[in-house]
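**Student:** You'll find data22.cif just under this line, and it carries mmCIF, C-alpha atoms and all ligand atoms.
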data_target
#
loop_
_atom_site.label_atom_id
_atom_site.label_comp_id
_atom_site.auth_asym_id
_atom_site.auth_seq_id
_atom_site.Cartn_x
_atom_site.Cartn_y
_atom_site.Cartn_z
CA MET A 19 10.11 30.14 -17.08
CA LYS A 20 11.65 29.41 -13.68
CA ALA A 21 10.89 26.11 -11.93
CA VAL A 22 12.08 24.50 -8.72
CA LEU A 23 13.12 20.99 -9.74
CA CYS A 24 13.80 17.78 -7.87
CA THR A 25 16.29 16.04 -10.20
CA ARG A 26 17.53 13.54 -7.58
CA LEU A 27 15.88 12.32 -4.37
CA GLY A 28 17.24 13.92 -1.23
CA GLY A 29 16.81 16.90 1.07
CA PRO A 30 15.75 20.50 0.37
CA ARG A 31 19.35 21.46 -0.56
CA ASP A 32 19.28 18.95 -3.43
CA LEU A 33 16.57 20.97 -5.23
CA GLU A 34 17.62 23.00 -8.28
CA LEU A 35 16.26 26.09 -10.00
CA ALA A 36 15.81 25.42 -13.75
CA ASP A 37 14.67 27.33 -16.81
CA LEU A 38 11.92 25.38 -18.65
CA PRO A 39 9.74 26.03 -21.72
CA GLU A 40 6.27 27.38 -20.95
CA PRO A 41 3.44 24.80 -20.84
CA GLU A 42 0.62 24.57 -23.40
CA PRO A 43 -2.95 23.86 -22.22
CA GLY A 44 -4.31 20.49 -23.39
CA PRO A 45 -8.05 19.73 -23.76
CA GLY A 46 -9.82 20.43 -20.44
CA GLU A 47 -6.76 22.24 -19.08
CA ALA A 48 -5.87 25.79 -18.11
CA VAL A 49 -2.43 27.38 -17.91
CA VAL A 50 -2.12 29.35 -14.68
CA ALA A 51 0.48 32.08 -14.10
CA VAL A 52 1.40 31.10 -10.55
CA LYS A 53 1.64 34.00 -8.07
CA ALA A 54 2.24 32.00 -4.88
CA VAL A 55 2.61 28.38 -3.83
CA ALA A 56 2.29 26.99 -0.32
CA LEU A 57 4.41 24.19 1.07
CA ASN A 58 3.40 21.25 3.23
CA PHE A 59 5.26 18.78 5.42
CA PHE A 60 4.67 16.11 2.77
CA ASP A 61 6.77 18.12 0.28
CA THR A 62 9.79 17.30 2.48
CA LEU A 63 8.90 13.59 2.09
CA ILE A 64 8.07 13.59 -1.63
CA ILE A 65 11.49 15.05 -2.58
CA ALA A 66 13.16 12.35 -0.45
CA GLY A 67 11.17 9.50 -2.08
CA LYS A 68 9.54 8.76 1.30
CA TYR A 69 5.92 9.65 0.46
CA GLN A 70 3.09 7.54 -0.95
CA VAL A 71 3.23 9.64 -4.15
CA ARG A 72 6.50 8.96 -6.05
CA PRO A 73 6.70 11.12 -9.21
CA ALA A 74 9.14 10.32 -12.00
CA LEU A 75 12.24 12.54 -11.94
CA PRO A 76 12.58 15.41 -12.60
CA PHE A 77 9.52 17.03 -11.01
CA SER A 78 8.59 20.21 -9.15
CA PRO A 79 7.32 19.88 -5.58
CA ALA A 80 4.39 21.86 -4.07
CA ALA A 81 0.74 20.86 -4.23
CA GLU A 82 -1.16 24.10 -3.66
CA PHE A 83 -1.06 27.40 -5.49
CA ALA A 84 -2.85 30.63 -6.32
CA GLY A 85 -2.54 32.55 -9.58
CA VAL A 86 -4.21 33.95 -12.66
CA VAL A 87 -5.59 31.87 -15.55
CA GLU A 88 -3.60 32.81 -18.63
CA ARG A 89 -4.92 30.48 -21.35
CA VAL A 90 -7.44 27.65 -21.59
CA GLY A 91 -7.57 24.57 -23.84
CA GLY A 92 -10.69 23.13 -25.51
CA ASP A 93 -13.72 22.08 -23.42
CA VAL A 94 -13.07 24.51 -20.58
CA ALA A 95 -16.16 26.45 -19.49
CA ASP A 96 -15.80 27.20 -15.78
CA VAL A 97 -12.68 29.38 -15.85
CA ALA A 98 -11.44 31.98 -18.33
CA PRO A 99 -8.25 34.00 -18.88
CA GLY A 100 -7.93 36.68 -16.19
CA ASP A 101 -9.67 34.67 -13.44
CA ARG A 102 -7.87 34.64 -10.08
CA VAL A 103 -7.89 31.02 -8.87
CA ILE A 104 -6.56 28.58 -6.31
CA GLY A 105 -5.83 24.92 -6.97
CA ASN A 106 -4.59 21.71 -5.43
CA ILE A 107 -2.63 19.07 -7.37
CA ALA A 108 -0.45 16.22 -6.09
CA TYR A 109 2.86 18.00 -6.89
CA GLY A 110 4.34 20.28 -9.54
CA ALA A 111 3.26 23.79 -8.52
CA ALA A 112 6.65 25.33 -7.65
CA ARG A 113 7.13 26.99 -11.04
CA GLU A 114 6.08 30.18 -12.78
CA LYS A 115 3.40 28.56 -14.98
CA ILE A 116 1.52 25.27 -14.79
CA ALA A 117 -0.96 23.46 -17.01
CA VAL A 118 -3.64 21.81 -14.85
CA SER A 119 -7.05 20.23 -15.27
CA ALA A 120 -9.50 23.15 -15.11
CA GLY A 121 -11.69 21.11 -12.73
CA ARG A 122 -9.03 21.53 -10.03
CA LEU A 123 -9.35 25.35 -10.11
CA ILE A 124 -11.62 27.39 -7.82
CA LYS A 125 -12.11 31.15 -8.22
CA MET A 126 -10.81 33.09 -5.22
CA PRO A 127 -12.37 36.10 -3.45
CA ALA A 128 -11.37 39.49 -4.90
CA ALA A 129 -10.09 40.81 -1.58
CA MET A 130 -7.86 37.83 -0.76
CA ASP A 131 -4.13 38.06 -1.47
CA PHE A 132 -2.42 35.30 -3.45
CA THR A 133 -0.05 34.28 -0.65
CA ARG A 134 -2.81 33.50 1.85
CA ALA A 135 -5.05 31.97 -0.80
CA ALA A 136 -2.29 29.61 -1.96
CA GLY A 137 -2.20 27.88 1.41
CA VAL A 138 -5.81 27.01 2.12
CA SER A 139 -6.64 24.10 -0.17
CA VAL A 140 -4.62 21.23 1.35
CA THR A 141 -4.79 22.26 5.00
CA TYR A 142 -8.29 23.72 5.44
CA GLY A 143 -9.71 21.37 2.81
CA THR A 144 -8.37 18.33 4.67
CA SER A 145 -9.65 19.62 7.99
CA LEU A 146 -13.17 20.39 6.77
CA HIS A 147 -13.40 17.01 5.02
CA ALA A 148 -12.03 15.21 8.11
CA LEU A 149 -14.12 16.96 10.76
CA ARG A 150 -17.38 17.30 8.80
CA ASP A 151 -17.44 14.16 6.58
CA ARG A 152 -15.36 11.63 8.52
CA ALA A 153 -15.76 12.49 12.25
CA LYS A 154 -19.18 14.15 11.82
CA LEU A 155 -18.17 16.68 14.48
CA ARG A 156 -21.18 18.32 16.10
CA ALA A 157 -21.49 21.77 17.69
CA GLY A 158 -20.76 21.57 21.42
CA GLU A 159 -18.45 18.53 21.11
CA THR A 160 -14.83 18.67 22.28
CA LEU A 161 -12.06 18.38 19.69
CA ALA A 162 -8.36 17.84 20.56
CA VAL A 163 -5.91 18.87 17.81
CA LEU A 164 -2.29 17.64 17.93
CA GLY A 165 0.48 19.66 16.24
CA ALA A 166 -2.04 22.50 16.51
CA ALA A 167 0.29 25.33 15.42
CA GLY A 168 1.44 23.63 12.20
CA GLY A 169 -0.19 24.22 8.82
CA ILE A 170 -2.79 21.52 9.07
CA GLY A 171 -3.11 21.78 12.86
CA LEU A 172 -4.05 25.47 12.77
CA SER A 173 -6.61 24.73 10.06
CA ALA A 174 -8.21 22.05 12.26
CA VAL A 175 -8.39 24.46 15.22
CA GLU A 176 -10.11 27.11 13.10
CA VAL A 177 -12.45 24.75 11.20
CA GLY A 178 -13.33 23.05 14.53
CA LYS A 179 -14.34 26.45 15.94
CA ALA A 180 -16.29 27.29 12.78
CA LEU A 181 -18.25 24.03 13.23
CA GLY A 182 -19.07 25.00 16.83
CA ALA A 183 -16.75 22.66 18.75
CA ARG A 184 -14.79 23.38 21.92
CA VAL A 185 -11.16 23.09 20.73
CA ILE A 186 -8.23 21.93 22.85
CA ALA A 187 -5.01 22.75 20.98
CA CYS A 188 -1.97 20.57 21.76
CA ALA A 189 1.59 21.52 20.75
CA SER A 190 5.21 21.36 21.91
CA SER A 191 5.94 24.93 23.06
CA ASP A 192 4.29 27.77 24.92
CA ASP A 193 4.92 30.10 21.93
CA LYS A 194 3.00 27.74 19.65
CA LEU A 195 0.18 27.50 22.19
CA ALA A 196 -0.07 31.30 22.53
CA PHE A 197 -0.23 31.46 18.72
CA VAL A 198 -3.19 29.06 18.50
CA ARG A 199 -4.98 30.59 21.48
CA ALA A 200 -4.88 33.93 19.64
CA ARG A 201 -6.57 32.15 16.70
CA GLY A 202 -9.47 30.69 18.64
CA ALA A 203 -8.36 27.64 20.67
CA ASP A 204 -10.39 27.41 23.90
CA ASP A 205 -7.79 25.45 25.90
CA VAL A 206 -4.23 24.32 25.35
CA VAL A 207 -1.91 21.44 26.32
CA ASN A 208 1.88 21.57 26.05
CA TYR A 209 2.65 17.90 25.38
CA ALA A 210 6.39 18.48 25.72
CA LYS A 211 5.80 19.29 29.42
CA GLN A 212 2.43 17.76 30.33
CA ASP A 213 1.11 14.19 30.24
CA LEU A 214 -1.19 14.42 27.20
CA LYS A 215 -3.77 11.87 28.36
CA GLU A 216 -4.04 13.30 31.88
CA ALA A 217 -4.21 16.89 30.63
CA LEU A 218 -7.03 16.10 28.15
CA ARG A 219 -8.96 14.23 30.85
CA GLU A 220 -8.53 17.11 33.32
CA LEU A 221 -9.76 19.65 30.78
CA THR A 222 -12.91 17.55 30.22
CA ALA A 223 -13.66 16.87 33.94
CA GLY A 224 -12.59 13.23 33.52
CA LYS A 225 -14.98 12.55 30.62
CA GLY A 226 -12.53 12.63 27.70
CA VAL A 227 -12.68 14.39 24.34
CA ASP A 228 -15.11 13.47 21.54
CA VAL A 229 -12.72 13.78 18.58
CA VAL A 230 -8.92 13.65 18.21
CA TYR A 231 -7.29 15.16 15.08
CA ASP A 232 -3.79 13.67 14.76
CA PRO A 233 -1.33 14.86 12.08
CA VAL A 234 1.67 14.03 14.31
CA GLY A 235 1.56 10.32 15.20
CA GLY A 236 4.65 8.99 16.98
CA ALA A 237 4.37 8.86 20.77
CA TYR A 238 1.34 11.17 21.00
CA ALA A 239 -1.29 9.07 19.21
CA GLU A 240 -1.88 6.45 21.89
CA PRO A 241 -2.26 8.83 24.88
CA ALA A 242 -4.62 10.95 22.78
CA LEU A 243 -6.66 7.86 21.83
CA ARG A 244 -6.84 6.83 25.49
CA ALA A 245 -8.13 10.32 26.39
CA MET A 246 -11.32 9.98 24.32
CA ASP A 247 -14.83 9.63 25.77
CA TRP A 248 -17.12 6.66 24.98
CA GLY A 249 -17.85 6.68 21.23
CA GLY A 250 -14.87 8.93 20.47
CA ARG A 251 -13.61 9.40 16.89
CA PHE A 252 -9.85 9.36 16.19
CA LEU A 253 -8.83 11.01 12.90
CA VAL A 254 -5.61 9.60 11.40
CA ILE A 255 -4.21 12.57 9.46
CA GLY A 256 -0.44 12.06 9.28
CA PHE A 257 2.83 11.13 10.92
CA ALA A 258 4.96 14.29 11.13
CA ALA A 259 6.85 12.85 14.13
CA GLY A 260 8.04 10.01 11.88
CA GLY A 261 6.73 6.95 13.73
CA ILE A 262 3.55 5.20 12.56
CA PRO A 263 1.63 4.43 15.76
CA GLN A 264 0.35 0.94 16.56
CA LEU A 265 -2.95 1.62 18.34
CA PRO A 266 -4.35 -0.81 20.98
CA LEU A 267 -7.51 -2.25 19.42
CA ASN A 268 -8.73 -3.54 22.81
CA ILE A 269 -9.28 0.10 23.85
CA VAL A 270 -11.09 0.76 20.56
CA LEU A 271 -13.42 -2.17 21.37
CA LEU A 272 -13.92 -1.33 25.05
CA LYS A 273 -14.75 2.34 24.44
CA SER A 274 -16.70 1.92 21.17
CA TYR A 275 -14.25 4.16 19.31
CA ASP A 276 -14.06 4.88 15.58
CA VAL A 277 -10.55 5.16 14.09
CA LEU A 278 -10.98 7.07 10.84
CA GLY A 279 -8.49 7.36 7.99
CA VAL A 280 -8.45 10.64 6.09
CA HIS A 281 -6.95 10.94 2.60
CA TRP A 282 -7.83 14.36 1.22
CA GLY A 283 -6.00 13.98 -2.12
CA ALA A 284 -7.61 10.63 -2.98
CA TRP A 285 -11.04 11.84 -1.83
CA THR A 286 -10.85 14.92 -4.07
CA GLU A 287 -10.15 12.65 -7.09
CA ARG A 288 -13.13 10.44 -6.22
CA ASP A 289 -15.50 13.32 -5.50
CA PRO A 290 -14.60 16.30 -7.74
CA ALA A 291 -17.86 18.11 -6.91
CA GLY A 292 -17.19 17.60 -3.18
CA TYR A 293 -13.66 19.00 -3.68
CA ARG A 294 -14.97 22.18 -5.32
CA ALA A 295 -17.82 22.65 -2.80
CA THR A 296 -15.44 22.14 0.14
CA LEU A 297 -12.95 24.71 -1.14
CA ALA A 298 -15.74 27.16 -2.03
CA GLN A 299 -16.88 26.93 1.63
CA ILE A 300 -13.30 27.46 2.85
CA LEU A 301 -12.87 30.55 0.65
CA LYS A 302 -16.22 31.92 1.85
CA TRP A 303 -15.06 31.54 5.46
CA CYS A 304 -11.73 33.19 4.57
CA ALA A 305 -13.56 36.17 3.01
CA ALA A 306 -15.75 36.46 6.11
CA GLY A 307 -12.71 36.44 8.42
CA THR A 308 -13.74 33.12 10.05
CA LEU A 309 -10.41 31.52 9.03
CA SER A 310 -7.05 33.28 9.35
CA ALA A 311 -5.16 31.48 6.53
CA HIS A 312 -2.11 32.60 8.50
CA VAL A 313 1.21 32.73 6.63
CA HIS A 314 4.32 32.17 8.74
CA ALA A 315 6.86 33.22 6.11
CA VAL A 316 7.22 33.86 2.37
CA TYR A 317 10.36 32.97 0.39
CA PRO A 318 11.20 33.51 -3.30
CA LEU A 319 11.40 30.39 -5.54
CA GLU A 320 15.22 30.60 -5.36
CA ARG A 321 15.05 29.95 -1.59
CA ALA A 322 12.66 26.98 -1.62
CA ALA A 323 15.21 24.92 0.34
CA GLU A 324 15.14 27.33 3.30
CA ALA A 325 11.35 27.36 3.23
CA LEU A 326 11.20 23.54 3.37
CA GLU A 327 13.80 23.49 6.16
CA GLU A 328 11.53 25.68 8.32
CA ILE A 329 8.83 23.01 8.03
CA ALA A 330 11.18 20.05 8.52
CA GLY A 331 12.73 21.84 11.53
CA ARG A 332 9.34 22.04 13.30
CA LYS A 333 9.48 25.85 13.27
CA ALA A 334 6.51 26.84 11.08
CA MET A 335 3.38 28.32 12.67
CA GLY A 336 0.69 28.25 9.98
CA LYS A 337 1.83 28.10 6.36
CA VAL A 338 5.18 28.63 4.64
CA ALA A 339 4.77 30.03 1.11
CA LEU A 340 6.85 30.79 -1.98
CA GLY A 341 6.15 34.05 -3.80
CA VAL A 342 6.51 33.57 -7.57
N1 LIG B 1 -4.41 12.89 5.58
C1 LIG B 1 -4.34 13.86 4.67
O1 LIG B 1 -5.11 13.91 3.71
C2 LIG B 1 -3.29 14.90 4.85
C3 LIG B 1 -3.35 16.12 4.13
C4 LIG B 1 -2.35 17.06 4.36
C5 LIG B 1 -1.32 16.81 5.27
N2 LIG B 1 -1.28 15.60 5.93
C6 LIG B 1 -0.22 15.27 6.89
O2 LIG B 1 -0.30 16.15 8.01
C7 LIG B 1 0.98 16.19 8.64
C8 LIG B 1 1.31 17.62 9.01
O3 LIG B 1 1.48 18.40 7.85
P1 LIG B 1 1.73 19.98 7.91
O4 LIG B 1 2.04 20.40 6.53
O5 LIG B 1 0.67 20.64 8.68
O6 LIG B 1 3.07 20.04 8.75
P2 LIG B 1 3.62 21.13 9.76
O7 LIG B 1 3.06 22.48 9.45
O8 LIG B 1 5.09 20.96 9.76
O9 LIG B 1 3.03 20.66 11.16
C9 LIG B 1 3.35 19.41 11.70
C10 LIG B 1 3.44 19.53 13.22
O10 LIG B 1 3.86 18.25 13.69
C11 LIG B 1 4.59 18.40 14.89
N3 LIG B 1 5.79 17.57 14.90
C12 LIG B 1 6.08 16.65 15.82
N4 LIG B 1 7.23 16.04 15.56
C13 LIG B 1 7.70 16.60 14.43
C14 LIG B 1 8.88 16.39 13.66
N5 LIG B 1 9.78 15.46 14.01
N6 LIG B 1 9.07 17.14 12.56
C15 LIG B 1 8.14 18.05 12.18
N7 LIG B 1 6.99 18.29 12.87
C16 LIG B 1 6.78 17.56 13.99
C17 LIG B 1 4.96 19.89 15.00
O11 LIG B 1 4.20 20.42 16.09
P3 LIG B 1 4.79 20.44 17.59
O12 LIG B 1 6.17 21.00 17.53
O13 LIG B 1 3.82 21.31 18.27
O14 LIG B 1 4.74 19.00 18.02
C18 LIG B 1 4.47 20.53 13.69
O15 LIG B 1 3.90 21.79 13.91
C19 LIG B 1 1.97 15.54 7.66
O16 LIG B 1 2.30 14.25 8.12
C20 LIG B 1 1.19 15.47 6.36
O17 LIG B 1 1.61 14.42 5.53
C21 LIG B 1 -2.26 14.67 5.72
#
Have the structure of the file written as structure tokens, please.
**Tutor:**
Amino acid sequence: MKAVLCTRLGGPRDLELADLPEPEPGPGEAVVAVKAVALNFFDTLIIAGKYQVRPALPFSPAAEFAGVVERVGGDVADVAPGDRVIGNIAYGAAREKIAVSAGRLIKMPAAMDFTRAAGVSVTYGTSLHALRDRAKLRAGETLAVLGAAGGIGLSAVEVGKALGARVIACASSDDKLAFVRARGADDVVNYAKQDLKEALRELTAGKGVDVVYDPVGGAYAEPALRAMDWGGRFLVIGFAAGGIPQLPLNIVLLKSYDVLGVHWGAWTERDPAGYRATLAQILKWCAAGTLSAHVHAVYPLERAAEALEEIAGRKAMGKVALGV
């Protein structure tokens, strides 16, 4: 079977396509014939050895996938051969077949295509966990999303709307802002042209936003923090801009803010039932048309490097996928 392999740490062009033996399911495992995988910004970091997860070489990147269960090992009751499923692992999905713990698999709706389904577990899962469990976002509150047209940003815009919030989408170009407006954002801020703090304050009549969702970090985190209302909640999602912000704790004290860390992968390991219930909710919303699960582009496994370069080059709107 074909597999995208990282045999040495580096950039997307250092990845190789290899031919590997097919996996066998161990106890509690299922072998899935992968139909599509979706890529994330962190895949560009993991292959460079710059992410918190550092797999032994060689390994396949890609954390989320959709496919068909082909075989199951002993002690597997919830999925059976022929089931169409999605799943989220730390890495290893960019290959034709994978053996995974059956507990990581969720059955997908009959009408959903594999490419869209592959890209919902990390992004929409993180956003629902962050907004519902960590920020406790309430209907009628105002949510500002940074990097709003990226994979995880778009998911936060759409989950925020599904939870009844007013969503202000913030991104670096007018094209990206038109894209998120078309997918439900109520207001937009172009932080490449506008002062982020002032724009968020203006859009809330000087009051400030209730929740900030920040997957970007760098220079945008502090102005976004300073644009929150009393009791605001700041969700630390990631650092796509590269710099890890140093936030002023005096402002956190003065405005009674909560700064909330979000670690989807670790949470799903600690709360397997919560993982499955969260993704079941996401798939239900996808089937109902509440979430777009928008795919920006699909590449074959052989062109995984180009797919990752779209993400690293800040070009992707929604998800970039690999068809298998
Ligand atoms: N906490 C968690 O559990 C969790 C889970 C999943 C992902 N994440 C993190 O979320 C972040 C975003 O992931 P993603 O897959 O959604 O990425 P993505 O689709 O590439 O989106 C990231 C966005 O960040 C902005 N950005 C600003 N500076 C950038 C730069 N130098 N390079 C690339 N993008 C830049 C871009 O928006 P503009 O051009 O509009 O600024 C881009 O759309 C990553 O840091 C990832 O590790 C965290």
**Student:** Tell me, as a PyMOL selection string, which residues lie within 6 Å of Ser173 (chain A), counting all atoms listed in the file; anything in the same chain fewer than 3 positions away does not count.
**Tutor:** chain A and resi 141-142+170+176-177
**Student:** For the residues in that selection, give me C-alpha atoms as a PDB file, keeping the file's coordinate frame.
**Tutor:**
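Dumped to again_25.pdb:
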ATOM      1  CA  THR A 141      -4.790  22.260   5.000  1.00  0.00           C
ATOM      2  CA  TYR A 142      -8.290  23.720   5.440  1.00  0.00           C
ATOM      3  CA  ILE A 170      -2.790  21.520   9.070  1.00  0.00           C
ATOM      4  CA  GLU A 176     -10.110  27.110  13.100  1.00  0.00           C
ATOM      5  CA  VAL A 177     -12.450  24.750  11.200  1.00  0.00           C
TER       6      VAL A 177
END
**Student:** Which residue out of A:Gly143, A:Gly250, A:Gly29, A:Gly182 has the minimum interatomic distance to Gly283 (chain A) when all atoms listed in the file are used?
**Tutor:**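 Closest to Gly283 (chain A) of all the choices is A:Gly143.
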**Student:** Nearest to ligand LIG 1 (chain B): which of A:Leu63, A:Leu155, A:Ala298, A:Leu309 is it, counting only C-alpha atoms and all ligand atoms?
**Tutor:** A:Leu63
**Student:** Near Val185 (chain A), within 9 Å and counting only C-alpha atoms, which residues show up once chain neighbours fewer than 3 positions away are dropped, as a PDB file with C-alpha atoms, keeping the file's coordinate frame?
**Tutor:**
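As written to disk, result-v2.pdb reads:
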ATOM      1  CA  GLU A 159     -18.450  18.530  21.110  1.00  0.00           C
ATOM      2  CA  THR A 160     -14.830  18.670  22.280  1.00  0.00           C
ATOM      3  CA  LEU A 161     -12.060  18.380  19.690  1.00  0.00           C
ATOM      4  CA  ALA A 162      -8.360  17.840  20.560  1.00  0.00           C
ATOM      5  CA  VAL A 163      -5.910  18.870  17.810  1.00  0.00           C
ATOM      6  CA  VAL A 175      -8.390  24.460  15.220  1.00  0.00           C
ATOM      7  CA  GLU A 176     -10.110  27.110  13.100  1.00  0.00           C
ATOM      8  CA  GLY A 178     -13.330  23.050  14.530  1.00  0.00           C
ATOM      9  CA  LYS A 179     -14.340  26.450  15.940  1.00  0.00           C
ATOM     10  CA  GLY A 202      -9.470  30.690  18.640  1.00  0.00           C
ATOM     11  CA  ALA A 203      -8.360  27.640  20.670  1.00  0.00           C
ATOM     12  CA  ASP A 204     -10.390  27.410  23.900  1.00  0.00           C
ATOM     13  CA  ASP A 205      -7.790  25.450  25.900  1.00  0.00           C
ATOM     14  CA  VAL A 206      -4.230  24.320  25.350  1.00  0.00           C
TER      15      VAL A 206
END
**Student:** Box along x, y and z, 8 Å on every side, all listed atoms of ligand LIG 1 (chain B) inside: centre and edge lengths in Å to one decimal, as AutoDock Vina command-line options.
**Tutor:**
--center_x 2.3 --center_y 17.7 --center_z 11.0 --size_x 30.9 --size_y 25.6 --size_z 30.6
**Student:** Give me the residues of chain A that have any atom at most 7 Å from an atom of ligand LIG 1 (chain B); for each, the nearest atom pair and the distance in Å, rounded to one decimal. Use only C-alpha atoms and all ligand atoms, sort by chain and number, and format it as a tab-separated table.
**Tutor:**
residue	atom	partner	partner_atom	distance
A:Asn58	CA	B:LIG1	O4	3.7
A:Phe59	CA	B:LIG1	O4	3.8
A:Phe60	CA	B:LIG1	O17	4.5
A:Val140	CA	B:LIG1	C4	5.6
A:Thr141	CA	B:LIG1	C4	5.8
A:Thr144	CA	B:LIG1	C3	5.5
A:Gly165	CA	B:LIG1	O11	3.8
A:Ala166	CA	B:LIG1	O13	6.2
A:Ala167	CA	B:LIG1	O15	5.3
A:Gly168	CA	B:LIG1	O7	3.4
A:Gly169	CA	B:LIG1	O5	3.7
A:Ile170	CA	B:LIG1	O5	3.6
A:Gly171	CA	B:LIG1	O5	5.7
A:Cys188	CA	B:LIG1	O13	6.8
A:Ala189	CA	B:LIG1	O13	3.3
A:Ser190	CA	B:LIG1	O13	3.9
A:Ser191	CA	B:LIG1	O13	6.4
A:Lys194	CA	B:LIG1	O13	6.6
A:Pro233	CA	B:LIG1	C7	4.4
A:Val234	CA	B:LIG1	O10	4.8
A:Val254	CA	B:LIG1	N1	6.8
A:Ile255	CA	B:LIG1	N1	3.9
A:Gly256	CA	B:LIG1	O16	3.7
A:Phe257	CA	B:LIG1	O16	4.2
A:Ala258	CA	B:LIG1	O16	4.0
A:Ala259	CA	B:LIG1	N4	3.5
A:Gly260	CA	B:LIG1	N5	6.1
A:Val280	CA	B:LIG1	N1	4.7
A:His281	CA	B:LIG1	O1	3.7
A:Trp282	CA	B:LIG1	O1	3.7
A:Gly283	CA	B:LIG1	O1	5.9
A:Ile329	CA	B:LIG1	O8	4.6
A:Ala330	CA	B:LIG1	C15	5.2
A:Gly331	CA	B:LIG1	C15	6.0
A:Arg332	CA	B:LIG1	C15	4.3
A:Lys333	CA	B:LIG1	O15	6.9
A:Ala334	CA	B:LIG1	O7	5.8
A:Met335	CA	B:LIG1	O15	6.7
A:Gly336	CA	B:LIG1	O7	6.3
A:Lys337	CA	B:LIG1	O7	6.5
**Student:** Out of A:Ala117, A:Leu27, A:Ile124, A:Val50, which residue has the shortest atom-to-atom distance to Pro290 (chain A) when counting all atoms listed in the file?
**Tutor:**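 Residue with the minimum atom-to-atom distance to Pro290 (chain A): A:Ile124.
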**Student:** Which is closest to Lys211 (chain A) among A:Pro318, A:Ser119, A:Asp192, A:Gly67, if we use only C-alpha atoms?
**Tutor:**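 Of the candidates, the smallest distance to Lys211 (chain A) is held by A:Asp192.
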**Student:** To one decimal place in Å, what is the distance between CA of Val87 (chain A) and CA of Asp37 (chain A)?
**Tutor:**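 Atom-to-atom, CA of Val87 (chain A) to CA of Asp37 (chain A), that is 20.8 Å.
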**Student:** Of the residues A:Ala315, A:Leu195, A:Ala157, A:Ala51, which is the one nearest to Pro99 (chain A), using all atoms listed in the file?
**Tutor:**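 The shortest atom-to-atom distance to Pro99 (chain A) comes from A:Ala51.
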**Student:** Could you name the residues that touch region 127-139 of chain A at 6 Å or less, counting all atoms listed in the file, but leaving out those on the same chain fewer than 2 positions away, as a list in words?
**Tutor:**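 Contacts, in chain order: Ala54, Val55, Ala56, Glu82, Phe83, Ala84, Thr141, Tyr142, Gly143 and Ala311 of chain A.
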**Student:** Which of these, A:Val313, A:Ala339, A:Met246, A:Ala295, has the shortest distance to Leu218 (chain A) once you count only C-alpha atoms?
**Tutor:**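 For Leu218 (chain A), the nearest of the given residues is A:Met246.
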